[in-house]
>>> print(open('protein_0.txt').read())   # compact mmCIF, C-alpha atoms and all ligand atoms
# COMPACT_ATOMS: atom_id res chain seq x y z
CA MET D 1 84.23 -32.71 114.51
CA THR D 2 81.16 -32.34 116.73
CA VAL D 3 78.05 -30.72 115.31
CA LEU D 4 75.67 -29.13 117.79
CA LYS D 5 72.22 -27.56 117.88
CA VAL D 6 72.71 -24.10 119.34
CA ALA D 7 70.20 -21.52 120.63
CA ILE D 8 71.25 -17.91 121.13
CA VAL D 9 69.71 -15.51 123.65
CA SER D 10 71.02 -11.97 123.35
CA ASN D 11 70.24 -8.66 125.01
CA GLN D 12 69.49 -5.55 122.94
CA THR D 13 72.75 -3.56 123.17
CA PRO D 14 74.56 -2.77 119.86
CA LYS D 15 77.62 -4.72 121.09
CA SER D 16 75.52 -7.81 121.78
CA ALA D 17 73.65 -7.47 118.46
CA ALA D 18 77.01 -7.36 116.61
CA ALA D 19 78.31 -10.39 118.53
CA ASN D 20 75.06 -12.24 117.83
CA GLU D 21 75.35 -11.60 114.08
CA ARG D 22 79.01 -12.70 114.02
CA LEU D 23 78.27 -15.83 116.07
CA HIS D 24 75.46 -16.88 113.69
CA ILE D 25 77.91 -16.67 110.76
CA LEU D 26 80.70 -18.57 112.57
CA LEU D 27 78.36 -21.31 113.76
CA LYS D 28 76.93 -21.87 110.28
CA GLU D 29 80.40 -21.89 108.69
CA ALA D 30 81.44 -24.58 111.18
CA GLY D 31 78.38 -26.73 110.37
CA HIS D 32 76.40 -26.20 113.59
CA THR D 33 72.67 -25.53 113.39
CA ILE D 34 70.71 -22.78 115.07
CA ASP D 35 67.83 -24.41 116.92
CA GLN D 36 65.97 -22.09 119.29
CA LYS D 37 63.45 -24.83 120.20
CA ASP D 38 65.43 -27.89 121.12
CA PRO D 39 69.12 -26.98 121.46
CA ASP D 40 72.05 -28.91 122.93
CA ILE D 41 73.68 -25.66 124.01
CA VAL D 42 72.20 -22.26 124.86
CA ILE D 43 74.59 -19.35 124.38
CA SER D 44 73.69 -16.08 126.07
CA ILE D 45 75.20 -12.82 124.83
CA GLY D 46 75.14 -9.84 127.21
CA GLY D 47 75.78 -10.09 130.94
CA ASP D 48 74.93 -12.32 133.88
CA GLY D 49 71.41 -10.87 133.68
CA THR D 50 71.07 -12.18 130.11
CA LEU D 51 72.19 -15.64 131.20
CA LEU D 52 69.50 -15.49 133.91
CA SER D 53 66.90 -14.75 131.21
CA ALA D 54 68.21 -17.63 129.06
CA PHE D 55 67.95 -19.94 132.07
CA HIS D 56 64.28 -19.03 132.56
CA LEU D 57 63.53 -19.58 128.88
CA TYR D 58 64.99 -23.10 128.89
CA ASN D 59 64.63 -24.25 132.51
CA HIS D 60 62.16 -26.97 131.51
CA LYS D 61 64.93 -28.76 129.54
CA LEU D 62 67.71 -28.71 132.15
CA ASP D 63 68.42 -32.44 131.92
CA HIS D 64 69.86 -32.19 128.40
CA ILE D 65 70.82 -28.54 127.86
CA ARG D 66 74.15 -26.92 128.68
CA PHE D 67 74.53 -23.15 128.96
CA LEU D 68 77.42 -20.94 127.96
CA GLY D 69 77.73 -17.18 128.54
CA VAL D 70 79.42 -14.55 126.36
CA HIS D 71 79.89 -11.21 128.11
CA THR D 72 79.87 -8.00 126.12
CA GLY D 73 81.24 -6.06 129.11
CA HIS D 74 83.43 -7.38 131.94
CA LEU D 75 83.69 -11.11 132.80
CA GLY D 76 80.73 -12.22 134.83
CA PHE D 77 79.80 -15.00 137.21
CA TYR D 78 77.95 -17.02 134.58
CA THR D 79 79.87 -15.78 131.55
CA ASP D 80 83.27 -17.27 130.71
CA TRP D 81 83.73 -15.83 127.23
CA ARG D 82 84.20 -12.33 125.91
CA ASP D 83 82.69 -11.05 122.66
CA TYR D 84 86.14 -10.84 120.98
CA GLU D 85 86.69 -14.59 121.55
CA LEU D 86 83.91 -15.96 119.32
CA GLU D 87 86.25 -17.81 116.90
CA GLU D 88 87.87 -19.63 119.82
CA LEU D 89 84.45 -20.35 121.27
CA VAL D 90 83.18 -21.95 118.04
CA GLU D 91 86.40 -24.04 117.81
CA SER D 92 85.65 -25.32 121.33
CA LEU D 93 82.12 -26.25 120.24
CA CYS D 94 83.59 -28.21 117.31
CA ARG D 95 85.84 -30.14 119.72
CA ASP D 96 82.99 -30.64 122.21
CA GLU D 97 83.25 -33.79 124.32
CA LYS D 98 80.20 -32.99 126.44
CA GLN D 99 82.35 -31.42 129.16
CA ARG D 100 80.15 -29.82 131.79
CA ILE D 101 80.04 -28.32 135.26
CA SER D 102 76.83 -28.08 137.23
CA TYR D 103 75.62 -25.77 139.98
CA PRO D 104 72.76 -25.94 142.51
CA LEU D 105 69.38 -24.28 141.94
CA LEU D 106 66.73 -23.14 144.39
CA ASP D 107 63.30 -24.77 144.37
CA VAL D 108 60.60 -22.23 145.25
CA SER D 109 57.16 -23.55 146.14
CA ILE D 110 54.35 -21.06 146.79
CA ARG D 111 51.38 -22.35 148.78
CA TYR D 112 48.02 -20.59 149.03
CA HIS D 113 45.43 -20.15 151.77
CA HIS D 114 42.59 -21.46 149.67
CA GLU D 115 42.22 -24.29 147.21
CA LYS D 116 44.55 -22.92 144.57
CA GLU D 117 47.32 -25.33 143.50
CA ASP D 118 50.91 -24.71 144.64
CA ARG D 119 53.15 -22.92 142.16
CA HIS D 120 56.73 -24.03 141.59
CA PHE D 121 59.69 -22.02 140.32
CA LEU D 122 63.41 -22.58 139.96
CA ALA D 123 65.81 -19.77 140.80
CA LEU D 124 69.38 -19.54 139.58
CA ASN D 125 70.31 -16.55 141.77
CA GLU D 126 67.70 -16.04 144.47
CA SER D 127 64.13 -15.48 145.54
CA THR D 128 63.09 -12.59 147.77
CA ILE D 129 59.92 -11.76 149.71
CA LYS D 130 59.16 -8.18 150.68
CA ARG D 131 56.05 -6.36 151.73
CA GLY D 132 54.95 -3.01 150.24
CA ASN D 133 55.62 -0.08 152.54
CA SER D 134 54.93 -1.74 155.85
CA THR D 135 56.95 -4.08 158.01
CA MET D 136 56.87 -7.67 156.88
CA VAL D 137 56.10 -10.13 159.66
CA ALA D 138 56.80 -13.77 158.92
CA ASP D 139 57.38 -16.97 160.83
CA ILE D 140 60.51 -18.72 159.60
CA TYR D 141 60.61 -22.49 159.90
CA ILE D 142 63.68 -24.66 159.31
CA LYS D 143 62.55 -28.15 158.40
CA ASP D 144 59.22 -28.14 160.25
CA ASP D 145 60.37 -26.31 163.38
CA LEU D 146 59.64 -22.67 164.07
CA PHE D 147 63.02 -20.91 164.17
CA GLU D 148 62.12 -17.22 164.57
CA ARG D 149 59.49 -14.56 163.96
CA PHE D 150 60.96 -12.11 161.46
CA ARG D 151 60.05 -8.43 161.31
CA GLY D 152 61.66 -6.14 158.79
CA ASP D 153 61.78 -5.35 155.08
CA GLY D 154 62.03 -8.93 153.88
CA VAL D 155 64.19 -11.97 153.28
CA SER D 156 66.37 -13.28 150.48
CA LEU D 157 67.04 -16.95 149.79
CA SER D 158 69.91 -17.54 147.43
CA THR D 159 71.86 -20.26 145.68
CA PRO D 160 75.67 -20.43 145.98
CA THR D 161 76.14 -18.83 142.52
CA GLY D 162 73.52 -16.22 143.45
CA SER D 163 75.36 -15.43 146.68
CA THR D 164 77.43 -12.77 144.85
CA ALA D 165 74.29 -10.99 143.57
CA TYR D 166 71.46 -9.49 145.66
CA ASN D 167 72.44 -11.66 148.64
CA LYS D 168 75.82 -9.93 148.87
CA SER D 169 74.20 -6.48 148.74
CA VAL D 170 72.12 -7.32 151.82
CA GLY D 171 75.13 -8.55 153.79
CA GLY D 172 75.02 -12.25 152.92
CA ALA D 173 78.14 -14.39 152.67
CA VAL D 174 79.76 -15.40 149.39
CA LEU D 175 79.33 -19.16 149.11
CA HIS D 176 81.50 -21.40 146.92
CA PRO D 177 79.26 -23.14 144.31
CA SER D 178 80.62 -26.58 145.21
CA ILE D 179 78.65 -26.25 148.47
CA ASN D 180 75.18 -27.65 147.95
CA ALA D 181 73.28 -25.32 150.23
CA LEU D 182 70.94 -22.35 150.25
CA GLN D 183 71.44 -19.11 152.12
CA LEU D 184 68.82 -17.14 154.03
CA SER D 185 69.68 -13.45 154.43
CA GLU D 186 67.66 -10.81 156.22
CA ILE D 187 66.73 -7.49 154.60
CA ALA D 188 66.71 -4.76 157.26
CA SER D 189 65.42 -6.81 160.18
CA LEU D 190 64.01 -5.06 163.22
CA ASN D 191 66.10 -5.95 166.24
CA ASN D 192 65.46 -4.36 169.61
CA ARG D 193 64.28 -5.32 173.09
CA VAL D 194 60.96 -6.48 171.76
CA TYR D 195 61.75 -8.04 168.40
CA ARG D 196 64.51 -10.54 167.87
CA THR D 197 65.95 -12.36 164.85
CA LEU D 198 69.24 -14.16 164.40
CA GLY D 199 70.57 -11.07 162.63
CA SER D 200 73.12 -12.92 160.49
CA PRO D 201 72.93 -14.96 157.29
CA LEU D 202 72.15 -18.61 157.69
CA ILE D 203 73.38 -21.50 155.48
CA VAL D 204 70.95 -24.39 155.18
CA PRO D 205 72.15 -27.76 153.82
CA GLU D 206 70.76 -29.71 150.89
CA LYS D 207 68.47 -32.06 152.78
CA GLU D 208 66.77 -29.31 154.83
CA TRP D 209 64.20 -26.74 153.83
CA VAL D 210 63.06 -23.28 154.91
CA THR D 211 59.41 -22.28 155.06
CA ILE D 212 58.38 -18.65 155.33
CA LYS D 213 54.83 -18.51 156.70
CA LEU D 214 53.08 -15.23 155.94
CA PRO D 215 50.04 -13.66 157.61
CA GLU D 216 47.05 -13.21 155.30
CA THR D 217 47.95 -9.82 153.80
CA THR D 218 47.67 -9.04 150.11
CA ASP D 219 50.70 -6.90 149.38
CA TYR D 220 53.67 -9.27 149.22
CA ALA D 221 56.19 -8.78 146.44
CA ILE D 222 58.01 -11.97 145.57
CA THR D 223 60.90 -12.24 143.14
CA VAL D 224 62.49 -15.24 141.49
CA ASP D 225 65.69 -13.92 139.89
CA GLN D 226 64.48 -11.07 137.66
CA ILE D 227 60.85 -12.26 137.67
CA SER D 228 58.34 -10.42 139.90
CA ILE D 229 55.33 -12.26 141.24
CA ARG D 230 52.46 -10.38 142.85
CA GLU D 231 49.79 -12.68 144.13
CA GLU D 232 47.16 -12.73 146.82
CA GLN D 233 46.25 -15.33 149.44
CA ILE D 234 49.80 -16.65 149.86
CA ASP D 235 50.03 -18.88 152.91
CA SER D 236 53.71 -19.78 152.82
CA ILE D 237 56.72 -20.21 150.57
CA CYS D 238 58.95 -23.23 150.89
CA TYR D 239 62.58 -23.14 149.75
CA GLN D 240 64.91 -26.05 149.19
CA ILE D 241 67.91 -26.95 147.06
CA ALA D 242 66.32 -28.30 143.87
CA LYS D 243 66.87 -31.79 142.51
CA GLU D 244 67.59 -30.14 139.13
CA ARG D 245 70.94 -28.43 138.52
CA ILE D 246 72.08 -26.02 135.84
CA GLN D 247 74.82 -27.35 133.56
CA PHE D 248 77.41 -25.18 131.86
CA ALA D 249 79.63 -26.23 128.95
CA SER D 250 83.02 -26.10 130.65
CA TYR D 251 85.56 -25.64 127.83
CA ARG D 252 87.57 -23.39 130.11
CA HIS D 253 87.59 -22.88 133.82
CA THR D 254 87.85 -19.68 135.84
CA HIS D 255 88.32 -20.32 139.54
CA PHE D 256 85.39 -19.02 141.56
CA TRP D 257 87.59 -16.97 143.91
CA ASP D 258 89.31 -15.37 140.89
CA ARG D 259 85.89 -14.27 139.65
CA VAL D 260 85.01 -12.90 143.08
CA ARG D 261 88.30 -11.01 143.33
CA ASP D 262 87.97 -9.70 139.79
CA ALA D 263 84.38 -8.52 140.34
CA PHE D 264 84.68 -6.97 143.79
CA ILE D 265 88.34 -6.26 144.59
CA GLY D 266 90.16 -5.63 141.29
CA GLU D 267 93.93 -5.57 140.82
CA LEU D 268 96.12 -5.45 143.91
CA GLU D 269 99.10 -3.09 143.73
P1 LIG R 301 69.77 -5.70 136.96
O1 LIG R 301 69.22 -4.96 138.14
O2 LIG R 301 69.67 -5.10 135.60
O3 LIG R 301 71.31 -6.11 137.20
C1 LIG R 301 71.77 -6.57 138.39
C2 LIG R 301 73.28 -6.67 138.43
O4 LIG R 301 73.60 -7.90 139.09
C3 LIG R 301 74.00 -6.70 137.06
O5 LIG R 301 75.18 -5.94 137.16
C4 LIG R 301 74.32 -8.18 136.89
O6 LIG R 301 75.49 -8.42 136.13
C5 LIG R 301 74.59 -8.59 138.32
N1 LIG R 301 74.43 -10.02 138.58
C6 LIG R 301 73.46 -10.87 138.15
N2 LIG R 301 73.69 -12.10 138.63
C7 LIG R 301 74.83 -12.03 139.37
C8 LIG R 301 75.57 -12.97 140.11
N3 LIG R 301 75.17 -14.23 140.23
N4 LIG R 301 76.67 -12.54 140.78
C9 LIG R 301 77.08 -11.25 140.69
N5 LIG R 301 76.42 -10.31 140.00
C10 LIG R 301 75.30 -10.70 139.36
O7 LIG R 301 69.00 -7.12 136.98
P2 LIG R 301 69.12 -8.36 136.02
O8 LIG R 301 70.29 -8.18 135.10
O9 LIG R 301 67.80 -8.69 135.46
O10 LIG R 301 69.51 -9.50 137.08
C11 LIG R 301 68.63 -9.87 138.10
C12 LIG R 301 69.45 -10.04 139.33
O11 LIG R 301 69.90 -8.77 139.76
C13 LIG R 301 68.70 -10.61 140.52
O12 LIG R 301 68.71 -12.00 140.50
C14 LIG R 301 69.46 -10.00 141.68
O13 LIG R 301 70.43 -10.90 142.19
C15 LIG R 301 70.19 -8.82 141.13
N6 LIG R 301 69.77 -7.60 141.80
C16 LIG R 301 70.64 -7.05 142.67
C17 LIG R 301 70.26 -5.94 143.40
C18 LIG R 301 71.23 -5.39 144.40
O14 LIG R 301 72.35 -5.90 144.46
N7 LIG R 301 70.83 -4.42 145.18
C19 LIG R 301 69.02 -5.35 143.23
C20 LIG R 301 68.16 -5.94 142.30
C21 LIG R 301 68.54 -7.09 141.60
P3 LIG R 301 75.61 -8.12 134.56
O15 LIG R 301 75.90 -6.64 134.46
O16 LIG R 301 76.75 -8.98 134.13
O17 LIG R 301 74.30 -8.51 133.92
>>> encode(input="protein_0.txt", output="structure tokens", more="lines below")
Ligand code: NAP
Amino acid sequence: MTVLKVAIVSNQTPKSAAANERLHILLKEAGHTIDQKDPDIVISIGGDGTLLSAFHLYNHKLDHIRFLGVHTGHLGFYTDWRDYELEELVESLCRDEKQRISYPLLDVSIRYHHEKEDRHFLALNESTIKRGNSTMVADIYIKDDLFERFRGDGVSLSTPTGSTAYNKSVGGAVLHPSINALQLSEIASLNNRVYRTLGSPLIVPEKEWVTIKLPETTDYAITVDQISIREEQIDSICYQIAKERIQFASYRHTHFWDRVRDAFIGELE
């Protein structure tokens, strides 16, 4: 029998709190230890949003941590288990043979006008840039070549697993997570006789990068998943598929297109 160090990250709903309590008992009975500091496996209890929070808590240990999501509502994109399946889940942990599946992440690098050091983030879903109440103007470079001058509400850069989240709401394509690429989607671009953008989502491969160069204005709102960053003097933000990947414990497998159908289409008659 395998014994693991397990960390649990739960949201605050009564259903999640009950599942959290039950999981603690089952894990201890099976001989596993709860280790919030240096776990082998991080179990999130809640929804996809909770798994995103767990990822940001442990994203400095990605080389040796695997994640696993328990959903207290419907099945999610990062959550393979339901809260009434905890016994089965703990049995799978006991039979663990280090099975894993990994997905691409987005490397976000913010550069500043003055001497401040670059800041780096990893996104599991996406990063967006928007500008207060006025039109955002930005030069978009692919590799080091100017591709277009964007005017509009903003842009979203997403991972394949994030393509079903905010990216989809702004008209982006759903990308299978076996494709190692990032997606650039426009948010309400201005397109008329004077201003011109591509007007459709763009898929950029692993070895290429996108740089969004911003004029020196102070009111940019940047997000990395659920994290908001408001900073001044931003010169540009560079996006690339990260060298790190997120690993999930893959005791069971739900096909990606089944998840997509289940989440957005439902049962066919
Ligand atoms: P939230 O605003 O409380 O929830 C956003 C919703 O997106 C939840 O229903 C969540 O599912 C779902 N979601 C998260 N990741 C997903 C994925 N990869 N594929 C499909 N659906 C996904 O925010 P949050 O829970 O803190 O999550 C932050 C994420 O919300 C952001 O990364 C962004 O993608 C998304 N978001 C979307 C919009 C939009 O579509 N207009 C606006 C703001 C933020 P669960 O219910 O399972 O948690």
>>> residues_near_ligand(input="protein_0.txt", ligand="ligand LIG 301 (chain R)", cutoff="7 Å", atoms="all atoms listed in the file", output="PyMOL selection string")
chain D and resi 46-50+52+76-78+125-126+161-169+225-226
>>> write_last_selection(input="protein_0.txt", atoms="C-alpha atoms", output="short mmCIF file (atom, residue, chain, number, x, y, z; two decimals), in the coordinates of the input")
data_model
loop_
_atom_site.label_atom_id
_atom_site.label_comp_id
_atom_site.auth_asym_id
_atom_site.auth_seq_id
_atom_site.Cartn_x
_atom_site.Cartn_y
_atom_site.Cartn_z
CA GLY D 46 75.14 -9.84 127.21
CA GLY D 47 75.78 -10.09 130.94
CA ASP D 48 74.93 -12.32 133.88
CA GLY D 49 71.41 -10.87 133.68
CA THR D 50 71.07 -12.18 130.11
CA LEU D 52 69.50 -15.49 133.91
CA GLY D 76 80.73 -12.22 134.83
CA PHE D 77 79.80 -15.00 137.21
CA TYR D 78 77.95 -17.02 134.58
CA ASN D 125 70.31 -16.55 141.77
CA GLU D 126 67.70 -16.04 144.47
CA THR D 161 76.14 -18.83 142.52
CA GLY D 162 73.52 -16.22 143.45
CA SER D 163 75.36 -15.43 146.68
CA THR D 164 77.43 -12.77 144.85
CA ALA D 165 74.29 -10.99 143.57
CA TYR D 166 71.46 -9.49 145.66
CA ASN D 167 72.44 -11.66 148.64
CA LYS D 168 75.82 -9.93 148.87
CA SER D 169 74.20 -6.48 148.74
CA ASP D 225 65.69 -13.92 139.89
CA GLN D 226 64.48 -11.07 137.66
#
>>> closest_residue(input="protein_0.txt", among="D:Asn133, D:Arg151, D:Tyr239, D:Ser10", to="Leu184 in chain D", atoms="only C-alpha atoms")
D:Tyr239
>>> atom_distance(input="protein_0.txt", atom1="CA of Asp219 in chain D", atom2="CA of Glu231 in chain D")
7.9 Å
>>> residues_around(input="protein_0.txt", residues="range 29-43 of chain D", least_positions_apart="6", cutoff="7 Å", atoms="all atoms listed in the file", output="list in words")
Val3, Leu4, Lys5, Val6, Ala7, Ile8, Val9, His64, Ile65, Arg66, Phe67, Leu68 and Gly69 of chain D
>>> atom_distance(input="protein_0.txt", atom1="CA of Pro215 in chain D", atom2="CA of Pro160 in chain D")
28.9 Å
>>> closest_residue(input="protein_0.txt", among="D:Ala188, D:Leu122, D:Ile241, D:Val155", to="Tyr58 in chain D", atoms="only C-alpha atoms")
D:Leu122
>>> atom_distance(input="protein_0.txt", atom1="CA of Asp144 in chain D", atom2="CA of Val210 in chain D")
8.2 Å
>>> residues_around(input="protein_0.txt", residues="Ala19 in chain D", least_positions_apart="6", cutoff="8 Å", atoms="all atoms listed in the file", output="ChimeraX atom specification")
/D:45,83,86
>>> residues_around(input="protein_0.txt", residues="Trp209 in chain D", least_positions_apart="3", cutoff="9 Å", atoms="all atoms listed in the file", output="JSON, numbers by chain")
{"D": [141, 142, 143, 144, 182, 204, 205, 206, 238, 239, 240, 241]}
>>> residues_around(input="protein_0.txt", residues="Ser200 in chain D", least_positions_apart="5", cutoff="10 Å", atoms="only C-alpha atoms", output="list of chain:residue names")
D:Gly171, D:Gly172, D:Ala173, D:Leu184, D:Ser185, D:Glu186, D:Ser189
>>> residues_near_point(input="protein_0.txt", point="(80.1, -2.3, 128.5)", cutoff="10 Å", atoms="only C-alpha atoms", output="tab-separated table (two decimals) with C-alpha atoms, keeping the file's coordinate frame")
chain	number	residue	atom	x	y	z
D	13	THR	CA	72.75	-3.56	123.17
D	15	LYS	CA	77.62	-4.72	121.09
D	16	SER	CA	75.52	-7.81	121.78
D	46	GLY	CA	75.14	-9.84	127.21
D	47	GLY	CA	75.78	-10.09	130.94
D	71	HIS	CA	79.89	-11.21	128.11
D	72	THR	CA	79.87	-8.00	126.12
D	73	GLY	CA	81.24	-6.06	129.11
D	74	HIS	CA	83.43	-7.38	131.94
>>> closest_atom_pairs(input="protein_0.txt", of="range 34-140 of chain D", to="range 246-249 of chain D", cutoff="7 Å", atoms="only C-alpha atoms", output="CSV")
residue,atom,partner,partner_atom,distance
D:Leu62,CA,D:Ile246,CA,6.3
D:Arg66,CA,D:Phe248,CA,4.9
D:Phe67,CA,D:Phe248,CA,4.6
D:Leu68,CA,D:Phe248,CA,5.8
D:Gln99,CA,D:Ala249,CA,5.9
D:Arg100,CA,D:Ala249,CA,4.6
D:Ile101,CA,D:Phe248,CA,5.3
D:Ser102,CA,D:Gln247,CA,4.2
D:Tyr103,CA,D:Ile246,CA,5.5
D:Pro104,CA,D:Ile246,CA,6.7
D:Leu105,CA,D:Ile246,CA,6.9
>>> residues_near_point(input="protein_0.txt", point="(56.3, -22.0, 154.6)", cutoff="9 Å", atoms="only C-alpha atoms", output="JSON, numbers by chain")
{"D": [109, 110, 111, 139, 140, 141, 144, 210, 211, 212, 213, 214, 235, 236, 237, 238, 239]}
>>> residues_around(input="protein_0.txt", residues="Ser92 in chain D", least_positions_apart="4", cutoff="10 Å", atoms="all atoms listed in the file", output="list in words")
Thr2, Leu86, Glu87, Glu88, Asp96, Glu97, Ala249, Ser250, Tyr251 and Arg252 of chain D
>>> closest_atom_pairs(input="protein_0.txt", of="range 107-201 of chain D", to="range 253-260 of chain D", cutoff="9 Å", atoms="only C-alpha atoms", output="Markdown table")
| residue | atom | partner | partner_atom | distance |
| --- | --- | --- | --- | --- |
| D:Thr164 | CA | D:Val260 | CA | 7.8 |
| D:Val174 | CA | D:Val260 | CA | 8.6 |
| D:His176 | CA | D:Phe256 | CA | 7.0 |
| D:Pro177 | CA | D:Phe256 | CA | 7.9 |
>>> closest_residue(input="protein_0.txt", among="D:Leu106, D:Leu27, D:Val137, D:Met1", to="Arg196 in chain D", atoms="all atoms listed in the file")
D:Val137
>>> closest_residue(input="protein_0.txt", among="D:Leu157, D:Ala263, D:Ala54, D:Ile229", to="Arg119 in chain D", atoms="all atoms listed in the file")
D:Ile229
>>> decode(input="protein_0.txt", residues="range 120-134 of chain D", atoms="N, CA and C atoms", output="short mmCIF file (atom, residue, chain, number, x, y, z; two decimals), in the first residue's frame")
data_model
loop_
_atom_site.label_atom_id
_atom_site.label_comp_id
_atom_site.auth_asym_id
_atom_site.auth_seq_id
_atom_site.Cartn_x
_atom_site.Cartn_y
_atom_site.Cartn_z
N HIS D 120 7.53 37.72 -12.74
CA HIS D 120 7.10 36.52 -13.46
C HIS D 120 5.92 35.86 -12.77
N PHE D 121 4.99 35.36 -13.55
CA PHE D 121 3.84 34.62 -13.02
C PHE D 121 3.61 33.41 -13.89
N LEU D 122 2.92 32.42 -13.32
CA LEU D 122 2.46 31.28 -14.12
C LEU D 122 0.95 31.28 -14.08
N ALA D 123 0.32 31.12 -15.23
CA ALA D 123 -1.14 31.04 -15.26
C ALA D 123 -1.57 29.65 -15.67
N LEU D 124 -2.59 29.15 -15.01
CA LEU D 124 -3.16 27.86 -15.39
C LEU D 124 -4.27 28.07 -16.43
N ASN D 125 -5.08 29.10 -16.26
CA ASN D 125 -6.15 29.40 -17.21
C ASN D 125 -5.72 30.46 -18.24
N GLU D 126 -5.49 31.67 -17.74
CA GLU D 126 -5.20 32.76 -18.67
C GLU D 126 -4.67 34.00 -17.95
N SER D 127 -4.21 34.94 -18.76
CA SER D 127 -3.87 36.27 -18.26
C SER D 127 -4.56 37.26 -19.19
N THR D 128 -5.13 38.32 -18.60
CA THR D 128 -5.77 39.33 -19.43
C THR D 128 -5.16 40.69 -19.15
N ILE D 129 -5.24 41.59 -20.15
CA ILE D 129 -4.84 42.99 -19.94
C ILE D 129 -6.02 43.82 -20.42
N LYS D 130 -6.47 44.73 -19.56
CA LYS D 130 -7.54 45.66 -19.93
C LYS D 130 -7.13 47.04 -19.45
N ARG D 131 -7.86 48.04 -19.92
CA ARG D 131 -7.52 49.38 -19.46
C ARG D 131 -8.77 50.10 -19.02
N GLY D 132 -8.84 50.46 -17.74
CA GLY D 132 -9.92 51.23 -17.13
C GLY D 132 -11.14 51.44 -18.00
N ASN D 133 -11.52 52.70 -18.18
CA ASN D 133 -12.72 53.00 -18.97
C ASN D 133 -12.40 53.43 -20.40
N SER D 134 -11.13 53.59 -20.69
CA SER D 134 -10.83 54.07 -22.05
C SER D 134 -10.28 52.95 -22.92
#
